[in-house]
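The data block below is upload01.cif; it holds mmCIF, C-alpha atoms.
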```
data_coords
loop_
_atom_site.label_atom_id
_atom_site.label_comp_id
_atom_site.auth_asym_id
_atom_site.auth_seq_id
_atom_site.Cartn_x
_atom_site.Cartn_y
_atom_site.Cartn_z
CA MET A 1 -51.58 -10.32 74.72
CA GLU A 2 -51.00 -6.72 75.83
CA TRP A 3 -47.58 -6.92 77.41
CA LYS A 4 -45.33 -4.10 76.24
CA GLY A 5 -44.54 -1.51 78.86
CA ARG A 6 -45.33 -3.83 81.75
CA ARG A 7 -42.94 -4.99 84.47
CA GLN A 8 -40.30 -7.52 83.49
CA SER A 9 -39.07 -10.08 85.99
CA GLY A 10 -35.55 -9.80 87.33
CA ASN A 11 -35.44 -13.58 87.75
CA VAL A 12 -34.17 -14.26 84.23
CA GLU A 13 -30.73 -15.74 83.59
CA ASP A 14 -29.60 -15.35 79.98
CA GLN A 15 -27.21 -18.19 79.16
CA ARG A 16 -27.74 -18.17 75.40
CA GLY A 17 -24.62 -18.94 73.46
CA ALA A 18 -22.91 -20.52 76.44
CA GLY A 19 -23.44 -24.15 75.46
CA PRO A 20 -22.90 -26.19 72.30
CA THR A 21 -25.76 -26.21 69.82
CA ALA A 22 -27.55 -29.51 69.48
CA GLY A 23 -29.45 -30.40 66.33
CA GLY A 24 -32.49 -32.54 65.72
CA SER A 25 -34.57 -31.12 68.51
CA ASN A 26 -37.65 -32.80 69.86
CA PRO A 27 -39.52 -29.87 71.44
CA PHE A 28 -41.58 -31.98 73.78
CA GLY A 29 -38.93 -34.22 75.32
CA ARG A 30 -40.56 -37.39 74.00
CA GLY A 31 -38.88 -40.54 72.75
CA ASN A 32 -35.11 -40.28 72.59
CA GLY A 33 -35.09 -36.59 73.40
CA GLY A 34 -34.88 -35.27 76.93
CA PHE A 35 -31.71 -35.22 78.98
CA ARG A 36 -28.44 -36.41 77.62
CA ILE A 37 -24.79 -35.96 78.48
CA PRO A 38 -22.85 -34.21 75.69
CA MET A 39 -19.69 -36.03 74.70
CA GLY A 40 -16.66 -34.35 73.23
CA GLY A 41 -13.55 -32.38 74.00
CA ARG A 42 -10.31 -31.16 72.49
CA ARG A 43 -6.95 -32.77 71.79
CA ALA A 44 -4.05 -30.36 71.86
CA GLY A 45 -1.24 -31.13 69.45
CA GLY A 46 1.67 -32.71 71.33
CA GLY A 47 0.07 -32.31 74.77
CA MET A 48 2.03 -31.96 78.03
CA SER A 49 3.82 -34.53 80.13
CA ILE A 50 2.55 -35.56 83.56
CA GLY A 51 5.60 -33.95 85.18
CA THR A 52 4.88 -30.61 83.49
CA ILE A 53 1.26 -30.69 84.56
CA ILE A 54 2.21 -31.44 88.19
CA PHE A 55 4.80 -28.63 88.14
CA LEU A 56 2.24 -26.13 86.83
CA VAL A 57 -0.34 -27.19 89.42
CA VAL A 58 2.21 -26.72 92.23
CA ILE A 59 3.16 -23.27 90.90
CA TYR A 60 -0.51 -22.32 90.69
CA PHE A 61 -1.18 -23.18 94.33
CA ILE A 62 2.00 -21.42 95.50
CA PHE A 63 0.80 -18.20 93.86
CA LYS A 64 -2.75 -18.84 95.15
CA ALA A 65 -1.38 -18.99 98.70
CA MET A 66 0.26 -15.61 98.07
CA GLY A 67 -3.12 -14.14 97.06
CA ILE A 68 -2.44 -14.17 93.31
CA ASP A 69 -4.94 -15.94 91.02
CA LEU A 70 -3.00 -16.88 87.89
CA LEU A 71 -6.16 -17.77 85.99
CA GLN A 72 -7.58 -14.33 86.62
CA VAL A 73 -4.30 -12.69 85.63
CA MET A 74 -4.21 -14.68 82.40
CA GLY A 75 -7.81 -13.76 81.64
CA GLU A 76 -7.12 -10.05 82.15
CA GLY A 77 -4.03 -10.30 79.99
CA GLY A 78 -6.04 -11.00 76.87
CA GLY A 79 -6.11 -14.81 76.84
CA GLN A 80 -9.67 -15.21 78.11
CA VAL A 81 -10.11 -18.19 80.39
CA ALA A 82 -13.27 -20.25 79.98
CA ARG A 83 -14.73 -20.64 83.44
CA PRO A 84 -16.73 -23.64 84.51
CA GLY A 85 -20.48 -23.27 84.16
CA PHE A 86 -22.25 -20.89 81.82
CA GLU A 87 -21.31 -17.31 82.53
CA GLN A 88 -20.84 -15.83 79.06
CA THR A 89 -24.21 -14.11 79.23
CA GLU A 90 -23.40 -10.53 78.26
CA SER A 91 -21.66 -11.37 74.99
CA ALA A 92 -24.44 -13.78 74.05
CA SER A 93 -27.02 -11.08 74.67
CA GLN A 94 -25.05 -8.56 72.62
CA ARG A 95 -25.14 -10.90 69.62
CA SER A 96 -28.91 -11.35 69.81
CA SER A 97 -31.12 -10.02 67.06
CA PRO A 98 -33.81 -7.42 67.83
CA GLN A 99 -36.42 -10.16 67.39
CA GLU A 100 -34.70 -12.37 69.98
CA GLU A 101 -34.42 -9.49 72.41
CA GLU A 102 -38.11 -8.74 72.03
CA ARG A 103 -38.95 -12.37 72.67
CA LYS A 104 -36.72 -12.32 75.75
CA ALA A 105 -38.54 -9.20 76.98
CA PHE A 106 -41.86 -10.99 76.43
CA MET A 107 -40.69 -14.03 78.39
CA ALA A 108 -39.53 -11.78 81.25
CA THR A 109 -42.90 -10.01 81.23
CA VAL A 110 -44.85 -13.28 81.30
CA LEU A 111 -42.70 -14.52 84.17
CA ALA A 112 -43.40 -11.27 86.04
CA GLU A 113 -47.14 -11.77 85.53
CA THR A 114 -46.92 -15.30 86.93
CA GLU A 115 -45.04 -13.88 89.93
CA ASP A 116 -47.84 -11.40 90.58
CA THR A 117 -50.46 -14.13 90.27
CA TRP A 118 -48.84 -16.71 92.54
CA ASN A 119 -47.56 -14.19 95.08
CA GLY A 120 -51.16 -13.09 95.51
CA ILE A 121 -52.55 -16.62 95.74
CA PHE A 122 -49.94 -17.74 98.25
CA GLN A 123 -50.34 -14.58 100.31
CA THR A 124 -54.10 -15.12 100.50
CA ALA A 125 -53.42 -18.62 101.82
CA GLY A 126 -51.03 -17.23 104.43
CA GLU A 127 -47.99 -18.64 102.65
CA ARG A 128 -44.93 -17.14 100.98
CA TYR A 129 -44.31 -17.76 97.30
CA GLU A 130 -40.69 -18.39 96.37
CA GLU A 131 -40.24 -17.03 92.86
CA PRO A 132 -38.42 -19.33 90.41
CA LYS A 133 -35.60 -18.37 88.08
CA MET A 134 -36.01 -18.73 84.33
CA VAL A 135 -32.88 -19.72 82.41
CA LEU A 136 -32.75 -18.88 78.71
CA PHE A 137 -30.29 -21.09 76.84
CA SER A 138 -29.39 -22.13 73.33
CA GLY A 139 -28.44 -25.63 72.28
CA SER A 140 -27.74 -27.22 75.65
CA VAL A 141 -27.52 -26.31 79.30
CA GLN A 142 -26.36 -27.64 82.66
CA SER A 143 -28.99 -27.79 85.38
CA ALA A 144 -29.22 -29.43 88.78
CA CYS A 145 -31.13 -32.18 86.97
CA GLY A 146 -28.18 -32.82 84.64
CA PHE A 147 -27.33 -31.75 81.10
CA ALA A 148 -30.23 -31.03 78.79
CA SER A 149 -30.36 -30.20 75.11
CA ALA A 150 -32.89 -28.23 73.13
CA ALA A 151 -34.41 -31.63 72.33
CA SER A 152 -35.80 -31.83 75.85
CA GLY A 153 -37.95 -28.77 75.24
CA PRO A 154 -38.85 -26.34 78.03
CA PHE A 155 -38.55 -27.98 81.43
CA TYR A 156 -38.59 -27.30 85.14
CA CYS A 157 -35.86 -28.68 87.41
CA PRO A 158 -36.97 -29.23 91.03
CA GLY A 159 -33.34 -29.52 92.14
CA ASP A 160 -32.52 -25.86 91.54
CA ARG A 161 -36.10 -24.56 91.22
CA LYS A 162 -35.46 -23.09 87.78
CA LEU A 163 -37.32 -23.08 84.47
CA TYR A 164 -35.17 -23.82 81.42
CA LEU A 165 -36.13 -22.58 77.98
CA ASP A 166 -34.49 -22.54 74.57
CA MET A 167 -36.50 -19.87 72.78
CA SER A 168 -36.03 -21.56 69.40
CA PHE A 169 -38.63 -23.98 70.74
CA PHE A 170 -41.32 -21.45 69.88
CA ASP A 171 -40.34 -21.44 66.21
CA GLU A 172 -40.77 -25.20 66.15
CA LEU A 173 -44.01 -24.92 68.08
CA ALA A 174 -45.39 -22.64 65.37
CA ASP A 175 -43.83 -24.22 62.27
CA LYS A 176 -44.11 -27.93 63.02
CA PHE A 177 -46.98 -28.09 65.48
CA ASP A 178 -49.27 -25.33 64.22
CA ALA A 179 -49.37 -23.59 67.60
CA SER A 180 -48.37 -19.98 66.97
CA GLY A 181 -49.16 -16.81 68.91
CA ASP A 182 -47.77 -15.04 71.92
CA PHE A 183 -50.34 -16.46 74.32
CA ALA A 184 -49.44 -19.98 73.19
CA GLN A 185 -45.87 -19.14 74.21
CA ALA A 186 -47.09 -17.66 77.48
CA TYR A 187 -49.02 -20.86 78.19
CA VAL A 188 -45.78 -22.87 77.93
CA VAL A 189 -44.07 -20.64 80.50
CA ALA A 190 -47.11 -20.68 82.80
CA HIS A 191 -47.21 -24.49 82.61
CA GLU A 192 -43.59 -24.77 83.77
CA VAL A 193 -44.31 -22.29 86.55
CA GLY A 194 -47.17 -24.60 87.47
CA HIS A 195 -44.60 -27.33 88.08
CA HIS A 196 -42.73 -24.93 90.36
CA VAL A 197 -45.92 -24.41 92.35
CA GLN A 198 -46.24 -28.19 92.60
CA ASN A 199 -42.70 -28.36 93.88
CA LEU A 200 -43.40 -25.77 96.57
CA THR A 201 -46.60 -27.51 97.66
CA GLY A 202 -45.00 -30.96 97.83
CA VAL A 203 -46.67 -32.54 94.80
CA LEU A 204 -43.46 -33.12 92.83
CA PRO A 205 -41.42 -34.46 95.78
CA ARG A 206 -44.17 -36.97 96.58
CA PHE A 207 -44.46 -38.06 92.98
CA ASN A 208 -40.70 -38.51 92.57
CA GLN A 209 -40.63 -40.60 95.73
CA GLN A 210 -43.63 -42.76 94.86
CA ARG A 211 -42.73 -43.52 91.28
CA GLN A 212 -39.63 -45.42 92.38
CA ARG A 213 -42.03 -48.11 93.56
CA MET A 214 -44.31 -47.94 90.51
CA SER A 215 -44.33 -49.84 87.26
CA GLU A 216 -43.75 -47.84 84.10
CA VAL A 217 -47.46 -47.82 83.28
CA GLU A 218 -48.38 -46.68 86.80
CA ALA A 219 -45.73 -43.96 86.71
CA ASN A 220 -47.05 -42.74 83.36
CA GLN A 221 -50.58 -42.53 84.75
CA MET A 222 -49.40 -40.53 87.74
CA SER A 223 -47.29 -38.31 85.47
CA ILE A 224 -50.42 -37.46 83.48
CA ARG A 225 -52.12 -36.19 86.64
CA VAL A 226 -49.06 -34.08 87.49
CA GLU A 227 -48.94 -32.56 83.99
CA LEU A 228 -52.67 -31.85 83.86
CA GLN A 229 -52.51 -30.05 87.20
CA ALA A 230 -49.72 -27.86 85.78
CA ASP A 231 -52.00 -27.14 82.82
CA CYS A 232 -54.77 -26.19 85.22
CA TYR A 233 -52.42 -23.89 87.13
CA ALA A 234 -51.47 -22.27 83.82
CA GLY A 235 -55.17 -21.69 83.26
CA ILE A 236 -55.43 -19.96 86.64
CA TRP A 237 -52.69 -17.58 85.55
CA GLY A 238 -54.60 -17.01 82.32
CA LYS A 239 -57.69 -16.07 84.33
CA TYR A 240 -55.79 -13.48 86.38
CA THR A 241 -54.27 -12.12 83.18
CA GLU A 242 -57.73 -11.74 81.66
CA GLN A 243 -58.95 -9.91 84.78
CA LYS A 244 -56.15 -7.39 84.26
CA GLY A 245 -57.47 -6.70 80.77
CA LEU A 246 -54.32 -7.98 79.06
CA LEU A 247 -55.90 -10.60 76.82
CA GLU A 248 -56.62 -9.79 73.20
CA ARG A 249 -59.07 -11.40 70.85
CA GLY A 250 -57.98 -14.95 70.06
CA ASP A 251 -55.51 -15.30 72.94
CA LEU A 252 -57.46 -17.99 74.78
CA GLU A 253 -57.89 -19.93 71.55
CA GLU A 254 -54.10 -19.80 71.02
CA ALA A 255 -53.47 -21.41 74.40
CA LEU A 256 -56.15 -24.05 73.91
CA ASN A 257 -54.77 -24.87 70.47
CA ALA A 258 -51.28 -25.25 71.92
CA ALA A 259 -52.65 -27.59 74.59
CA THR A 260 -54.30 -29.60 71.82
CA GLN A 261 -51.20 -29.83 69.66
CA ILE A 262 -49.01 -31.16 72.49
CA GLY A 263 -51.43 -33.83 73.67
CA ASP A 264 -49.90 -37.31 73.74
CA ASP A 265 -52.39 -38.74 71.26
CA THR A 266 -51.99 -35.90 68.77
CA LEU A 267 -48.18 -36.05 68.95
CA GLN A 268 -48.09 -39.82 68.50
CA LYS A 269 -50.47 -39.67 65.54
CA ARG A 270 -48.30 -37.01 63.92
CA THR A 271 -44.97 -38.73 64.52
CA GLN A 272 -45.79 -42.45 64.19
CA GLY A 273 -49.30 -42.64 62.77
CA TYR A 274 -50.84 -44.49 65.71
CA VAL A 275 -51.26 -44.08 69.46
CA VAL A 276 -50.12 -46.18 72.42
CA PRO A 277 -52.23 -45.04 75.40
CA GLU A 278 -50.07 -46.98 77.89
CA SER A 279 -47.14 -44.73 76.98
CA PHE A 280 -49.01 -41.45 77.54
CA ASN A 281 -47.37 -39.33 80.24
CA HIS A 282 -48.72 -35.80 79.66
CA GLY A 283 -52.36 -36.36 78.81
CA THR A 284 -54.47 -36.40 75.67
CA SER A 285 -55.30 -33.26 73.73
CA GLU A 286 -58.82 -33.28 75.16
CA GLN A 287 -57.54 -33.63 78.72
CA ARG A 288 -54.99 -30.87 78.37
CA ARG A 289 -57.52 -28.45 76.88
CA ARG A 290 -60.11 -29.31 79.51
CA TRP A 291 -57.85 -28.85 82.51
CA PHE A 292 -56.38 -25.59 81.22
CA LYS A 293 -59.91 -24.35 80.64
CA ARG A 294 -60.98 -25.44 84.14
CA GLY A 295 -58.25 -23.33 85.68
CA PHE A 296 -59.12 -20.45 83.39
CA ASP A 297 -62.84 -20.62 84.11
CA THR A 298 -62.58 -20.95 87.89
CA GLY A 299 -59.33 -19.22 88.83
CA ARG A 300 -59.24 -21.50 91.88
CA VAL A 301 -56.45 -23.77 93.03
CA ASP A 302 -58.88 -26.23 94.62
CA ALA A 303 -60.44 -26.77 91.20
CA CYS A 304 -57.14 -28.21 89.96
CA ASP A 305 -57.02 -31.40 92.05
CA THR A 306 -56.23 -33.92 89.32
CA PHE A 307 -55.41 -36.63 91.85
CA LYS A 308 -59.01 -37.41 92.75
CA GLY A 309 -61.22 -39.47 90.47
CA ASP A 310 -60.90 -39.64 86.72
CA VAL A 311 -59.00 -37.09 84.70
#
```

Here is a file; write its structure as structure tokens.
Amino acid sequence: MEWKGRRQSGNVEDQRGAGPTAGGSNPFGRGNGGFRIPMGGRRAGGGMSIGTIIFLVVIYFIFKAMGIDLLQVMGEGGGQVARPGFEQTESASQRSSPQEEERKAFMATVLAETEDTWNGIFQTAGERYEEPKMVLFSGSVQSACGFASAASGPFYCPGDRKLYLDMSFFDELADKFDASGDFAQAYVVAHEVGHHVQNLTGVLPRFNQQRQRMSEVEANQMSIRVELQADCYAGIWGKYTEQKGLLERGDLEEALNAATQIGDDTLQKRTQGYVVPESFNHGTSEQRRRWFKRGFDTGRVDACDTFKGDV
């Protein structure tokens, strides 16, 4: 994909290095992967008594009322205070290798291209496209959907309308799942942006509401339709990218191969040697390829209605 020198999105939040690193990743959020709450903490030798803690809290609020923030003063004095959340972005970026920085630039460029595509589509329909944020993290991250580790793979959180991505996922995608190439990586981002489009158009809110009344099998079947539509939307982005002349030889095949490698049936055969169709929740390899290709061939949103008829 021809991407260097093109606009990079300003909607990227670099939180790499801000969370603890989690091992044993499952890049597709299957099985026991997905969201989990990290456990842990520190025990200081000796500790402090309850009376001391109360005294310090009272002193803090007395100074706060006087307009003096003791935590800020302590931080400026050399004893850096760890703030809640994940704000240590500059130091994490400074420690990045040139290869990581290039990959970050690529992700920001792909996100910018999706912004151009969906801004145009929404504008044509007389609507306004709200651009999502993309959060780059390493190990684990806090989102409005809870804590997530690298094991959950790339994901979109409807609660804060952000995409979350640990870029080490792409190494695993290439090494363990035989899906290398920059356009394979771009497909992953475009798929998550597809979920954002679904959130804006009401598809995700309706699904989240309806599945509370569904059985597990019914919810899985509906989830497949949601995922395949996101694949189709990724294909639409691919079509617009091709029209700009940015695709290189083999790019489309990279995306289609990635769609094949992350099909439910292919993943289950690789990991457990057999398939359980009732547990599918993203679609088979054939389905994922076909719906991405439909979006790519047509470039039309109305061609991506996976909720009518068979998929």

Just the residues within 7 Å of Phe296 of chain A, please, counting all atoms listed in the file, with nothing from its chain fewer than 6 positions along; format it as a CSV table (one decimal) with C-alpha atoms, in the frame of the given file.
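result_24.csv written:
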```
chain,number,residue,atom,x,y,z
A,235,GLY,CA,-55.2,-21.7,83.3
A,236,ILE,CA,-55.4,-20.0,86.6
A,238,GLY,CA,-54.6,-17.0,82.3
A,239,LYS,CA,-57.7,-16.1,84.3
```

Requested in this report: Could you tell me which residues the PyMOL selection byres ((chain A and resi 192) around 10) returns for this structure, as a VMD selection string?
Outcome: chain A and resid 134 154 to 157 162 to 165 187 to 191 193 to 198 227 230 to 231 233 to 234

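Distances to Glu127 of chain A were evaluated for A:Ser149, A:Thr201, A:Gln8, A:Ser215 using all atoms listed in the file, and the minimum falls at A:Thr201.
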
Query raised in the report: Counting only C-alpha atoms, which of A:Gly202, A:Phe280, A:Gln99, A:Gln123 gets nearest to Asp171 of chain A?
Result: A:Gln99

Might you spell out which residues the PyMOL selection byres ((chain A and resi 175-184) around 9) would select in the displayed file, as a CSV table (one decimal) with C-alpha atoms, in the frame of the given file?
```csv
chain,number,residue,atom,x,y,z
A,1,MET,CA,-51.6,-10.3,74.7
A,106,PHE,CA,-41.9,-11.0,76.4
A,170,PHE,CA,-41.3,-21.4,69.9
A,171,ASP,CA,-40.3,-21.4,66.2
A,172,GLU,CA,-40.8,-25.2,66.2
A,173,LEU,CA,-44.0,-24.9,68.1
A,174,ALA,CA,-45.4,-22.6,65.4
A,185,GLN,CA,-45.9,-19.1,74.2
A,186,ALA,CA,-47.1,-17.7,77.5
A,187,TYR,CA,-49.0,-20.9,78.2
A,188,VAL,CA,-45.8,-22.9,77.9
A,247,LEU,CA,-55.9,-10.6,76.8
A,250,GLY,CA,-58.0,-15.0,70.1
A,251,ASP,CA,-55.5,-15.3,72.9
A,252,LEU,CA,-57.5,-18.0,74.8
A,253,GLU,CA,-57.9,-19.9,71.6
A,254,GLU,CA,-54.1,-19.8,71.0
A,255,ALA,CA,-53.5,-21.4,74.4
A,256,LEU,CA,-56.2,-24.0,73.9
A,257,ASN,CA,-54.8,-24.9,70.5
A,258,ALA,CA,-51.3,-25.2,71.9
A,259,ALA,CA,-52.6,-27.6,74.6
A,260,THR,CA,-54.3,-29.6,71.8
A,261,GLN,CA,-51.2,-29.8,69.7
A,262,ILE,CA,-49.0,-31.2,72.5
A,267,LEU,CA,-48.2,-36.0,69.0
```
